[in-house]
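Chemist: Can you keep this structure in mind? I'll have questions shortly.
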Amino acid sequence: MSNSSDSTSSDVTGIGRVQLKFEPSGQEVRVPPGVSVFDAASWNGLAIDSTCGGHGTCKKCKIQILEGEVPISNLDIRAFSSEQLADGWRLACVAKANSNLKVDVPPLSTRPKAATVGVGRQVILRPAVQKRYVELAEPSLHDQAMDLERLQNAISDIEFTADLTVLRTLPTILRAAHWKVTAVINDDVLVAVEPGDTTALNYAVAFDLGTTTVVATLLDLTTGTPVAVKSMLNKQQPFGADVISRISATMLDVNALGLMQSAALDTLNELLAEVCAESGVAATNIYDLAIAGNATMVELLLGVDPEPVGVAPFITVTRDWPSFTAGELGLAALSGARCYIFPLFGAYVGGDIVAGALATGMDRDKRVRLLIDVGTNCEIVLSDGDKILTTAAPAGPAFEAASISCGMRAADGAIEVVQITTQEVTLGVIGDAMPVGLCGSGLVDAVYALHKCGLLDDSGRFVTDEVAQTIAPAIANRLVTRDNKERSFILAWDNHEPSVYLSQRDVRELQFAKASIATGWRLLLDELGLTDDDVQQVLLAGSFGSYLSPVSAIGIGLVPKLPVARIVSAGNVAGEGAKMVLLSQAERHGARTLLDEVAYVELSDRADFNDKFMAELALNS
């Protein structure tokens, strides 16, 4: 489809994203071209059998391409017969999604003892929740062991206690079940006793509690695989799009804290109901949950006044949260399930980044690696293989397009990909619909492409009409001065009227955001005596990072100028970290250990911040 104005056309296509449909689930996902089928499935909660973490060595991630084309790799030749290759069988870890695909994923044939999560990370499946089926001898005058003592004696390899809630029901359940029961133990606490053998039913929920979006993943703890994933907008949205506005709301209205806590709980409860409905899992079989969120989101969820986070010297109530039950939190459907909330590095580098650092193995890799979670508040982690530093950079809402003239969320009608040459403008629109707005990835693409073709100078200013006619006459009519005297570039028209445009102010908003982020990671490099060239890998985290073009990110100076292959879309690493601590007690300990290994660097009191920030404003920085 196309829009036109005079002789200039705007081709609207599906560029920049490919669609994968997984059978037999029917789940559909959109990912950047070149992403492996294994990663596309993993990022969206779909399990593909693997024990090597997607490195091509175990040859277990076998899939069948039902529609679309995937070239045969050398690894495929070793894994399949010529007949199987002709029928479309491939290894998911080396099958690159460069076009739309329909993929059949065989069911897991065995229960793995290791689960692949994070960015190529593998964890030993050893969850905190254990279920033990026991058949107890009935008490008698000759055997007067108490009910709890009788259960403890039968499970002698675990020392556990029971709280009052369980003790209230224990006598009734034991006798009604004729002393044949399943004990559910979370770490060292008896959280439930169930009639009969229910050991096959053992689930947990991982929450990525984002400022904008909340994601819930239901995990089967017996296999280590996700069985349902749901997401929705955080219901705190009416109180503001970022953490500062929500903190301000609590300072201006005494009732705001309670209202936002209720909104957060409503969000979690609704997501719980959805994952249970999709999977057919009863909430009573969910015994553990993990929550990864920034400091403000967690404090609002728990009903803690976040005002000290919003004013200097930026202090949170605690760095490490105690364990408590889901019922105490306000998730009535889970009642006795235990809650794990990630600890935090600082007021603006919270538990979601601890989870991300865990998932990406920032403390386990000897390479120089940079983890950047791009958002309103951009968190950055740098490791040189020995020392690990972290900081937060206030990027503002530009990347979420909240402050952009035609900005919108990544929904149908949003321009997410922009390609501009001196001859034409090509747009990728979500849903292949008529363009109605511009989302964050499209904003970055547009600014990069306009600078590359010469319509934006190094300072970020649009060139004059005369210069535009000289260097790009075919699209020069898109560069206009609008009624408010502001220079703008028209991206799309509707009935010959500009419908989506990029203004000079929009460009400045992006420049300020990218300069803040670039200053952050450059100061961390300086702290460790490193240069851009020393960086061996950049991980772009979060939903925005997954869709951001590495070429555009490098082009505007958002990330170090490195070969594109070193820039990796890491996906939802906070959610991955939350899954890891549910699947493995060792990883839960690892998250706590990170607090002692990672040093927080505060940027607000750096004397050299402003000078470096100004230097990073240029588009060729």
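A note on labels: chains of the structure tokens are A, B, ... as shown, every chain counts residues from 1, and ligands are counted from 1 in their shown order.
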Enumerate as a ChimeraX atom specification all residues of segment 332-472 of chain A assigned to alpha helix (DSSP H) by DSSP on the backbone, naming them with the chain letters and numbers the document uses.
Modeler: /A:351-359,440-452,465-471
Chemist: Store the residues of this selection in a file with N, CA and C atoms, as a PDB file, in the first residue's frame.
Modeler:
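What follows is the written file part27.pdb:
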```pdb
ATOM      1  N   GLY A 351      15.674  -3.811  40.914  1.00  0.00           N
ATOM      2  CA  GLY A 351      15.674  -5.259  40.831  1.00  0.00           C
ATOM      3  C   GLY A 351      15.549  -5.785  39.419  1.00  0.00           C
ATOM      4  N   ASP A 352      14.928  -5.006  38.514  1.00  0.00           N
ATOM      5  CA  ASP A 352      14.828  -5.458  37.133  1.00  0.00           C
ATOM      6  C   ASP A 352      16.202  -5.532  36.476  1.00  0.00           C
ATOM      7  N   ILE A 353      17.119  -4.644  36.879  1.00  0.00           N
ATOM      8  CA  ILE A 353      18.465  -4.672  36.316  1.00  0.00           C
ATOM      9  C   ILE A 353      19.305  -5.755  36.983  1.00  0.00           C
ATOM     10  N   VAL A 354      19.083  -6.003  38.271  1.00  0.00           N
ATOM     11  CA  VAL A 354      19.730  -7.149  38.919  1.00  0.00           C
ATOM     12  C   VAL A 354      19.322  -8.431  38.189  1.00  0.00           C
ATOM     13  N   ALA A 355      18.030  -8.545  37.878  1.00  0.00           N
ATOM     14  CA  ALA A 355      17.536  -9.714  37.138  1.00  0.00           C
ATOM     15  C   ALA A 355      18.175  -9.782  35.758  1.00  0.00           C
ATOM     16  N   GLY A 356      18.306  -8.630  35.094  1.00  0.00           N
ATOM     17  CA  GLY A 356      18.913  -8.600  33.768  1.00  0.00           C
ATOM     18  C   GLY A 356      20.379  -8.967  33.796  1.00  0.00           C
ATOM     19  N   ALA A 357      21.099  -8.461  34.801  1.00  0.00           N
ATOM     20  CA  ALA A 357      22.517  -8.792  34.939  1.00  0.00           C
ATOM     21  C   ALA A 357      22.700 -10.283  35.212  1.00  0.00           C
ATOM     22  N   LEU A 358      21.776 -10.853  35.988  1.00  0.00           N
ATOM     23  CA  LEU A 358      21.815 -12.288  36.265  1.00  0.00           C
ATOM     24  C   LEU A 358      21.580 -13.083  34.988  1.00  0.00           C
ATOM     25  N   ALA A 359      20.540 -12.707  34.232  1.00  0.00           N
ATOM     26  CA  ALA A 359      20.168 -13.447  33.029  1.00  0.00           C
ATOM     27  C   ALA A 359      21.254 -13.398  31.969  1.00  0.00           C
ATOM     28  N   GLY A 440       9.032   4.420  19.058  1.00  0.00           N
ATOM     29  CA  GLY A 440      10.422   4.721  19.391  1.00  0.00           C
ATOM     30  C   GLY A 440      11.439   4.221  18.393  1.00  0.00           C
ATOM     31  N   SER A 441      11.290   2.973  17.928  1.00  0.00           N
ATOM     32  CA  SER A 441      12.269   2.442  16.980  1.00  0.00           C
ATOM     33  C   SER A 441      12.214   3.194  15.655  1.00  0.00           C
ATOM     34  N   GLY A 442      11.008   3.596  15.243  1.00  0.00           N
ATOM     35  CA  GLY A 442      10.870   4.386  14.022  1.00  0.00           C
ATOM     36  C   GLY A 442      11.497   5.755  14.168  1.00  0.00           C
ATOM     37  N   LEU A 443      11.403   6.341  15.358  1.00  0.00           N
ATOM     38  CA  LEU A 443      12.021   7.637  15.621  1.00  0.00           C
ATOM     39  C   LEU A 443      13.534   7.562  15.434  1.00  0.00           C
ATOM     40  N   VAL A 444      14.158   6.542  16.027  1.00  0.00           N
ATOM     41  CA  VAL A 444      15.616   6.382  15.908  1.00  0.00           C
ATOM     42  C   VAL A 444      15.999   6.155  14.452  1.00  0.00           C
ATOM     43  N   ASP A 445      15.252   5.292  13.758  1.00  0.00           N
ATOM     44  CA  ASP A 445      15.520   5.046  12.339  1.00  0.00           C
ATOM     45  C   ASP A 445      15.439   6.334  11.521  1.00  0.00           C
ATOM     46  N   ALA A 446      14.386   7.124  11.769  1.00  0.00           N
ATOM     47  CA  ALA A 446      14.153   8.338  10.974  1.00  0.00           C
ATOM     48  C   ALA A 446      15.288   9.337  11.155  1.00  0.00           C
ATOM     49  N   VAL A 447      15.697   9.563  12.389  1.00  0.00           N
ATOM     50  CA  VAL A 447      16.767  10.533  12.638  1.00  0.00           C
ATOM     51  C   VAL A 447      18.077  10.053  12.025  1.00  0.00           C
ATOM     52  N   TYR A 448      18.373   8.773  12.187  1.00  0.00           N
ATOM     53  CA  TYR A 448      19.602   8.229  11.596  1.00  0.00           C
ATOM     54  C   TYR A 448      19.581   8.361  10.077  1.00  0.00           C
ATOM     55  N   ALA A 449      18.449   7.975   9.456  1.00  0.00           N
ATOM     56  CA  ALA A 449      18.369   7.990   7.995  1.00  0.00           C
ATOM     57  C   ALA A 449      18.426   9.416   7.442  1.00  0.00           C
ATOM     58  N   LEU A 450      17.791  10.359   8.109  1.00  0.00           N
ATOM     59  CA  LEU A 450      17.817  11.754   7.656  1.00  0.00           C
ATOM     60  C   LEU A 450      19.220  12.345   7.775  1.00  0.00           C
ATOM     61  N   HIS A 451      19.921  11.988   8.821  1.00  0.00           N
ATOM     62  CA  HIS A 451      21.300  12.466   8.972  1.00  0.00           C
ATOM     63  C   HIS A 451      22.204  11.819   7.925  1.00  0.00           C
ATOM     64  N   LYS A 452      21.997  10.544   7.670  1.00  0.00           N
ATOM     65  CA  LYS A 452      22.840   9.831   6.717  1.00  0.00           C
ATOM     66  C   LYS A 452      22.676  10.383   5.306  1.00  0.00           C
ATOM     67  N   ASP A 465      15.848  24.657   2.550  1.00  0.00           N
ATOM     68  CA  ASP A 465      15.181  24.136   1.358  1.00  0.00           C
ATOM     69  C   ASP A 465      16.135  24.071   0.172  1.00  0.00           C
ATOM     70  N   GLU A 466      17.001  25.063   0.072  1.00  0.00           N
ATOM     71  CA  GLU A 466      17.935  25.099  -1.050  1.00  0.00           C
ATOM     72  C   GLU A 466      18.892  23.903  -1.003  1.00  0.00           C
ATOM     73  N   VAL A 467      19.412  23.615   0.177  1.00  0.00           N
ATOM     74  CA  VAL A 467      20.315  22.477   0.323  1.00  0.00           C
ATOM     75  C   VAL A 467      19.569  21.165   0.062  1.00  0.00           C
ATOM     76  N   ALA A 468      18.337  21.071   0.561  1.00  0.00           N
ATOM     77  CA  ALA A 468      17.548  19.855   0.349  1.00  0.00           C
ATOM     78  C   ALA A 468      17.312  19.606  -1.136  1.00  0.00           C
ATOM     79  N   GLN A 469      17.014  20.659  -1.892  1.00  0.00           N
ATOM     80  CA  GLN A 469      16.790  20.502  -3.334  1.00  0.00           C
ATOM     81  C   GLN A 469      18.057  20.054  -4.038  1.00  0.00           C
ATOM     82  N   THR A 470      19.196  20.451  -3.515  1.00  0.00           N
ATOM     83  CA  THR A 470      20.466  20.088  -4.142  1.00  0.00           C
ATOM     84  C   THR A 470      20.832  18.637  -3.887  1.00  0.00           C
ATOM     85  N   ILE A 471      20.668  18.169  -2.631  1.00  0.00           N
ATOM     86  CA  ILE A 471      21.149  16.829  -2.295  1.00  0.00           C
ATOM     87  C   ILE A 471      20.081  15.746  -2.439  1.00  0.00           C
TER      88      ILE A 471
END
```
Chemist: Would you mind listing what lies within 8 Å of Gly520 of chain A as a tab-separated table (two decimals) with C-alpha atoms, in the first residue's frame, with only C-alpha atoms counted and same-chain residues fewer than 2 positions away left out?
Modeler:
```
chain	number	residue	atom	x	y	z
A	380	ILE	CA	23.55	0.65	32.19
A	391	THR	CA	24.55	3.58	36.62
A	392	ALA	CA	21.29	5.20	35.54
A	393	ALA	CA	20.87	7.90	32.91
A	516	SER	CA	22.29	11.19	28.33
A	517	ILE	CA	22.65	7.45	27.67
A	518	ALA	CA	25.92	7.79	25.76
A	522	ARG	CA	31.16	6.58	28.36
A	523	LEU	CA	31.70	7.63	31.99
A	524	LEU	CA	31.63	3.98	33.02
A	603	LEU	CA	26.03	10.53	37.67
```
Chemist: Near Val35 of chain A, counting only C-alpha atoms, which residues have an atom at most 10 Å away, once you skip same-chain residues fewer than 4 positions from it, shown as a list in words?
Modeler: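 Residues meeting the cut-off are Arg17, Val18, Val31, Asp39, Ala40, Cys93, Val94, Ala95, Lys96, Ala97, Asn98, Val568 and Ser569 of chain A.
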Chemist: Keeping only N, CA, C and O atoms, write those residues as a PDB file, in the first residue's frame.
Modeler:
```pdb
ATOM      1  N   ARG A  17      10.746  -6.235  10.126  1.00  0.00           N
ATOM      2  CA  ARG A  17      10.216  -7.230  11.042  1.00  0.00           C
ATOM      3  C   ARG A  17       9.735  -8.439  10.242  1.00  0.00           C
ATOM      4  O   ARG A  17       9.250  -8.299   9.117  1.00  0.00           O
ATOM      5  N   VAL A  18       9.856  -9.597  10.820  1.00  0.00           N
ATOM      6  CA  VAL A  18       9.290 -10.796  10.207  1.00  0.00           C
ATOM      7  C   VAL A  18       8.344 -11.440  11.206  1.00  0.00           C
ATOM      8  O   VAL A  18       8.478 -11.255  12.417  1.00  0.00           O
ATOM      9  N   VAL A  31       9.613 -10.403  15.086  1.00  0.00           N
ATOM     10  CA  VAL A  31      10.991 -10.204  15.533  1.00  0.00           C
ATOM     11  C   VAL A  31      11.784  -9.521  14.431  1.00  0.00           C
ATOM     12  O   VAL A  31      11.394  -9.565  13.252  1.00  0.00           O
ATOM     13  N   ASP A  39      15.777 -18.152  19.494  1.00  0.00           N
ATOM     14  CA  ASP A  39      15.673 -16.940  20.300  1.00  0.00           C
ATOM     15  C   ASP A  39      14.279 -16.336  20.204  1.00  0.00           C
ATOM     16  O   ASP A  39      13.728 -15.845  21.197  1.00  0.00           O
ATOM     17  N   ALA A  40      13.695 -16.344  19.007  1.00  0.00           N
ATOM     18  CA  ALA A  40      12.348 -15.790  18.835  1.00  0.00           C
ATOM     19  C   ALA A  40      11.347 -16.520  19.719  1.00  0.00           C
ATOM     20  O   ALA A  40      10.471 -15.908  20.338  1.00  0.00           O
ATOM     21  N   CYS A  93      18.375 -23.222  16.554  1.00  0.00           N
ATOM     22  CA  CYS A  93      19.399 -22.275  16.987  1.00  0.00           C
ATOM     23  C   CYS A  93      20.168 -21.664  15.826  1.00  0.00           C
ATOM     24  O   CYS A  93      20.758 -20.596  15.968  1.00  0.00           O
ATOM     25  N   VAL A  94      20.183 -22.333  14.667  1.00  0.00           N
ATOM     26  CA  VAL A  94      20.892 -21.784  13.506  1.00  0.00           C
ATOM     27  C   VAL A  94      19.941 -21.383  12.386  1.00  0.00           C
ATOM     28  O   VAL A  94      20.371 -20.900  11.352  1.00  0.00           O
ATOM     29  N   ALA A  95      18.653 -21.597  12.595  1.00  0.00           N
ATOM     30  CA  ALA A  95      17.647 -21.213  11.598  1.00  0.00           C
ATOM     31  C   ALA A  95      17.320 -19.733  11.761  1.00  0.00           C
ATOM     32  O   ALA A  95      16.689 -19.329  12.737  1.00  0.00           O
ATOM     33  N   LYS A  96      17.772 -18.927  10.822  1.00  0.00           N
ATOM     34  CA  LYS A  96      17.560 -17.484  10.903  1.00  0.00           C
ATOM     35  C   LYS A  96      16.227 -17.100  10.256  1.00  0.00           C
ATOM     36  O   LYS A  96      15.911 -17.529   9.142  1.00  0.00           O
ATOM     37  N   ALA A  97      15.468 -16.290  10.979  1.00  0.00           N
ATOM     38  CA  ALA A  97      14.167 -15.838  10.479  1.00  0.00           C
ATOM     39  C   ALA A  97      14.367 -14.565   9.660  1.00  0.00           C
ATOM     40  O   ALA A  97      14.295 -13.454  10.179  1.00  0.00           O
ATOM     41  N   ASN A  98      14.638 -14.734   8.357  1.00  0.00           N
ATOM     42  CA  ASN A  98      14.821 -13.584   7.474  1.00  0.00           C
ATOM     43  C   ASN A  98      13.574 -13.283   6.654  1.00  0.00           C
ATOM     44  O   ASN A  98      13.554 -12.324   5.882  1.00  0.00           O
ATOM     45  N   VAL A 568      23.700  -6.831  20.287  1.00  0.00           N
ATOM     46  CA  VAL A 568      22.776  -7.960  20.418  1.00  0.00           C
ATOM     47  C   VAL A 568      21.473  -7.512  21.076  1.00  0.00           C
ATOM     48  O   VAL A 568      21.488  -6.839  22.110  1.00  0.00           O
ATOM     49  N   SER A 569      20.356  -7.862  20.459  1.00  0.00           N
ATOM     50  CA  SER A 569      19.054  -7.639  21.091  1.00  0.00           C
ATOM     51  C   SER A 569      18.844  -8.730  22.129  1.00  0.00           C
ATOM     52  O   SER A 569      18.720  -9.912  21.786  1.00  0.00           O
TER      53      SER A 569
END
```
Chemist: Would you tabulate, counting only C-alpha atoms, all residues of segment 218-279 of chain A that have an atom at most 9 Å from an atom of segment 578-598 of chain A, showing the closest pair of atoms and their distance in Å to one decimal, sorted by chain then ascending number, as JSON lines?
Modeler:
```
{"residue": "A:Leu218", "atom": "CA", "partner": "A:Lys579", "partner_atom": "CA", "distance": 9.0}
{"residue": "A:Leu219", "atom": "CA", "partner": "A:Lys579", "partner_atom": "CA", "distance": 7.6}
{"residue": "A:Leu221", "atom": "CA", "partner": "A:Leu583", "partner_atom": "CA", "distance": 6.5}
{"residue": "A:Gly224", "atom": "CA", "partner": "A:Leu583", "partner_atom": "CA", "distance": 6.3}
{"residue": "A:Pro226", "atom": "CA", "partner": "A:Lys579", "partner_atom": "CA", "distance": 8.8}
```
Chemist: Can you pull out the residues contacting Ala292 of chain A? Cut-off 8 Å, using only C-alpha atoms, and skip same-chain residues under 2 positions away; I want them as a VMD selection string.
Modeler: chain A and resid 207 to 209 290 294 341 to 342 351 to 352 355 574 to 575 577 to 578
Chemist: Using atom CA of Leu272 of chain A and atom CA of Asp288 of chain A as the two end points, give the distance in Å to one decimal.
Modeler: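 Separating atom CA of Leu272 of chain A from atom CA of Asp288 of chain A is a distance of 12.5 Å.
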Chemist: If we count only C-alpha atoms and set the cut-off at 7 Å, which residues sit around segment 503-507 of chain A, ignoring sequence neighbours fewer than 3 positions away in its own chain? Please answer as a short mmCIF file (atom, residue, chain, number, x, y, z; two decimals) with C-alpha atoms, in the first residue's frame.
Modeler:
```cif
data_model
loop_
_atom_site.label_atom_id
_atom_site.label_comp_id
_atom_site.auth_asym_id
_atom_site.auth_seq_id
_atom_site.Cartn_x
_atom_site.Cartn_y
_atom_site.Cartn_z
CA ILE A 404 7.17 13.16 20.17
CA SER A 405 4.73 15.19 18.03
CA VAL A 447 16.77 10.53 12.64
CA GLY A 460 20.69 17.82 14.41
CA ARG A 461 19.30 20.81 12.50
CA GLU A 486 8.86 24.72 13.02
CA ARG A 487 10.78 22.75 10.43
CA SER A 488 9.45 19.21 9.95
CA PHE A 489 9.93 16.21 7.69
CA LEU A 510 15.98 12.23 20.74
CA GLN A 511 19.36 13.99 20.84
#
```
Chemist: Step one, run DSSP on the backbone; step two, keep only residues of segment 373-424 of chain A assigned to strand (DSSP E); then write them as a list in words.
Modeler: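 Taking segment 373-424 of chain A and keeping strand (DSSP E) only, one gets Asp373, Asn377, Cys378, Glu379, Ile380, Val381, Leu382, Ser383, Ile388, Leu389, Thr390, Thr391, Ala392, Ala393, Pro394, Ala414, Ile415, Glu416, Val417, Val418, Gln419 and Ile420 of chain A.
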Chemist: Could you save those same residues with N, CA, C and O atoms as a PDB file, in the first residue's frame?
Modeler:
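What ended up in out35.pdb:
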```pdb
ATOM      1  N   ASP A 373      19.624  -1.014  29.148  1.00  0.00           N
ATOM      2  CA  ASP A 373      18.170  -1.144  29.135  1.00  0.00           C
ATOM      3  C   ASP A 373      17.606   0.231  28.801  1.00  0.00           C
ATOM      4  O   ASP A 373      17.548   1.124  29.649  1.00  0.00           O
ATOM      5  N   ASN A 377      14.017   5.871  32.081  1.00  0.00           N
ATOM      6  CA  ASN A 377      15.222   5.841  32.906  1.00  0.00           C
ATOM      7  C   ASN A 377      16.076   4.717  32.356  1.00  0.00           C
ATOM      8  O   ASN A 377      15.693   3.554  32.398  1.00  0.00           O
ATOM      9  N   CYS A 378      17.228   5.064  31.792  1.00  0.00           N
ATOM     10  CA  CYS A 378      18.074   4.068  31.143  1.00  0.00           C
ATOM     11  C   CYS A 378      19.093   3.530  32.132  1.00  0.00           C
ATOM     12  O   CYS A 378      19.877   4.298  32.700  1.00  0.00           O
ATOM     13  N   GLU A 379      19.066   2.231  32.359  1.00  0.00           N
ATOM     14  CA  GLU A 379      20.031   1.593  33.250  1.00  0.00           C
ATOM     15  C   GLU A 379      21.152   0.971  32.426  1.00  0.00           C
ATOM     16  O   GLU A 379      20.899   0.375  31.366  1.00  0.00           O
ATOM     17  N   ILE A 380      22.375   1.102  32.929  1.00  0.00           N
ATOM     18  CA  ILE A 380      23.555   0.654  32.194  1.00  0.00           C
ATOM     19  C   ILE A 380      24.428  -0.184  33.131  1.00  0.00           C
ATOM     20  O   ILE A 380      24.657   0.202  34.283  1.00  0.00           O
ATOM     21  N   VAL A 381      24.915  -1.316  32.640  1.00  0.00           N
ATOM     22  CA  VAL A 381      25.840  -2.161  33.385  1.00  0.00           C
ATOM     23  C   VAL A 381      27.045  -2.416  32.491  1.00  0.00           C
ATOM     24  O   VAL A 381      26.892  -2.801  31.328  1.00  0.00           O
ATOM     25  N   LEU A 382      28.242  -2.217  33.033  1.00  0.00           N
ATOM     26  CA  LEU A 382      29.477  -2.463  32.294  1.00  0.00           C
ATOM     27  C   LEU A 382      30.354  -3.420  33.078  1.00  0.00           C
ATOM     28  O   LEU A 382      30.587  -3.225  34.280  1.00  0.00           O
ATOM     29  N   SER A 383      30.860  -4.451  32.396  1.00  0.00           N
ATOM     30  CA  SER A 383      31.786  -5.391  33.017  1.00  0.00           C
ATOM     31  C   SER A 383      33.029  -5.521  32.151  1.00  0.00           C
ATOM     32  O   SER A 383      32.923  -5.609  30.920  1.00  0.00           O
ATOM     33  N   ILE A 388      32.590  -4.807  37.834  1.00  0.00           N
ATOM     34  CA  ILE A 388      31.282  -4.515  37.236  1.00  0.00           C
ATOM     35  C   ILE A 388      30.780  -3.197  37.805  1.00  0.00           C
ATOM     36  O   ILE A 388      30.754  -3.012  39.033  1.00  0.00           O
ATOM     37  N   LEU A 389      30.393  -2.275  36.928  1.00  0.00           N
ATOM     38  CA  LEU A 389      29.853  -0.984  37.330  1.00  0.00           C
ATOM     39  C   LEU A 389      28.437  -0.835  36.771  1.00  0.00           C
ATOM     40  O   LEU A 389      28.102  -1.409  35.733  1.00  0.00           O
ATOM     41  N   THR A 390      27.629  -0.051  37.440  1.00  0.00           N
ATOM     42  CA  THR A 390      26.283   0.230  36.948  1.00  0.00           C
ATOM     43  C   THR A 390      25.920   1.666  37.239  1.00  0.00           C
ATOM     44  O   THR A 390      26.440   2.284  38.183  1.00  0.00           O
ATOM     45  N   THR A 391      25.035   2.221  36.411  1.00  0.00           N
ATOM     46  CA  THR A 391      24.549   3.584  36.619  1.00  0.00           C
ATOM     47  C   THR A 391      23.199   3.736  35.949  1.00  0.00           C
ATOM     48  O   THR A 391      22.729   2.830  35.241  1.00  0.00           O
ATOM     49  N   ALA A 392      22.573   4.881  36.170  1.00  0.00           N
ATOM     50  CA  ALA A 392      21.292   5.199  35.538  1.00  0.00           C
ATOM     51  C   ALA A 392      21.408   6.548  34.858  1.00  0.00           C
ATOM     52  O   ALA A 392      22.013   7.479  35.402  1.00  0.00           O
ATOM     53  N   ALA A 393      20.842   6.654  33.666  1.00  0.00           N
ATOM     54  CA  ALA A 393      20.870   7.904  32.907  1.00  0.00           C
ATOM     55  C   ALA A 393      19.442   8.338  32.618  1.00  0.00           C
ATOM     56  O   ALA A 393      18.654   7.553  32.075  1.00  0.00           O
ATOM     57  N   PRO A 394      19.070   9.570  32.975  1.00  0.00           N
ATOM     58  CA  PRO A 394      17.698  10.040  32.728  1.00  0.00           C
ATOM     59  C   PRO A 394      17.485  10.371  31.257  1.00  0.00           C
ATOM     60  O   PRO A 394      17.819  11.458  30.785  1.00  0.00           O
ATOM     61  N   ALA A 414       1.526   2.138  13.936  1.00  0.00           N
ATOM     62  CA  ALA A 414       2.749   2.835  14.327  1.00  0.00           C
ATOM     63  C   ALA A 414       3.866   2.539  13.337  1.00  0.00           C
ATOM     64  O   ALA A 414       4.118   1.385  12.999  1.00  0.00           O
ATOM     65  N   ILE A 415       4.543   3.577  12.877  1.00  0.00           N
ATOM     66  CA  ILE A 415       5.719   3.400  12.015  1.00  0.00           C
ATOM     67  C   ILE A 415       6.860   2.935  12.908  1.00  0.00           C
ATOM     68  O   ILE A 415       7.291   3.647  13.809  1.00  0.00           O
ATOM     69  N   GLU A 416       7.361   1.731  12.650  1.00  0.00           N
ATOM     70  CA  GLU A 416       8.419   1.175  13.485  1.00  0.00           C
ATOM     71  C   GLU A 416       9.760   1.093  12.769  1.00  0.00           C
ATOM     72  O   GLU A 416      10.800   0.907  13.400  1.00  0.00           O
ATOM     73  N   VAL A 417       9.746   1.196  11.448  1.00  0.00           N
ATOM     74  CA  VAL A 417      10.966   1.148  10.650  1.00  0.00           C
ATOM     75  C   VAL A 417      10.904   2.252   9.607  1.00  0.00           C
ATOM     76  O   VAL A 417       9.866   2.440   8.965  1.00  0.00           O
ATOM     77  N   VAL A 418      11.998   2.983   9.459  1.00  0.00           N
ATOM     78  CA  VAL A 418      12.077   4.050   8.464  1.00  0.00           C
ATOM     79  C   VAL A 418      13.370   3.896   7.679  1.00  0.00           C
ATOM     80  O   VAL A 418      14.450   3.800   8.262  1.00  0.00           O
ATOM     81  N   GLN A 419      13.258   3.870   6.362  1.00  0.00           N
ATOM     82  CA  GLN A 419      14.407   3.871   5.472  1.00  0.00           C
ATOM     83  C   GLN A 419      14.281   5.058   4.532  1.00  0.00           C
ATOM     84  O   GLN A 419      13.242   5.229   3.884  1.00  0.00           O
ATOM     85  N   ILE A 420      15.314   5.885   4.478  1.00  0.00           N
ATOM     86  CA  ILE A 420      15.285   7.094   3.663  1.00  0.00           C
ATOM     87  C   ILE A 420      16.552   7.163   2.828  1.00  0.00           C
ATOM     88  O   ILE A 420      17.656   7.049   3.353  1.00  0.00           O
TER      89      ILE A 420
END
```
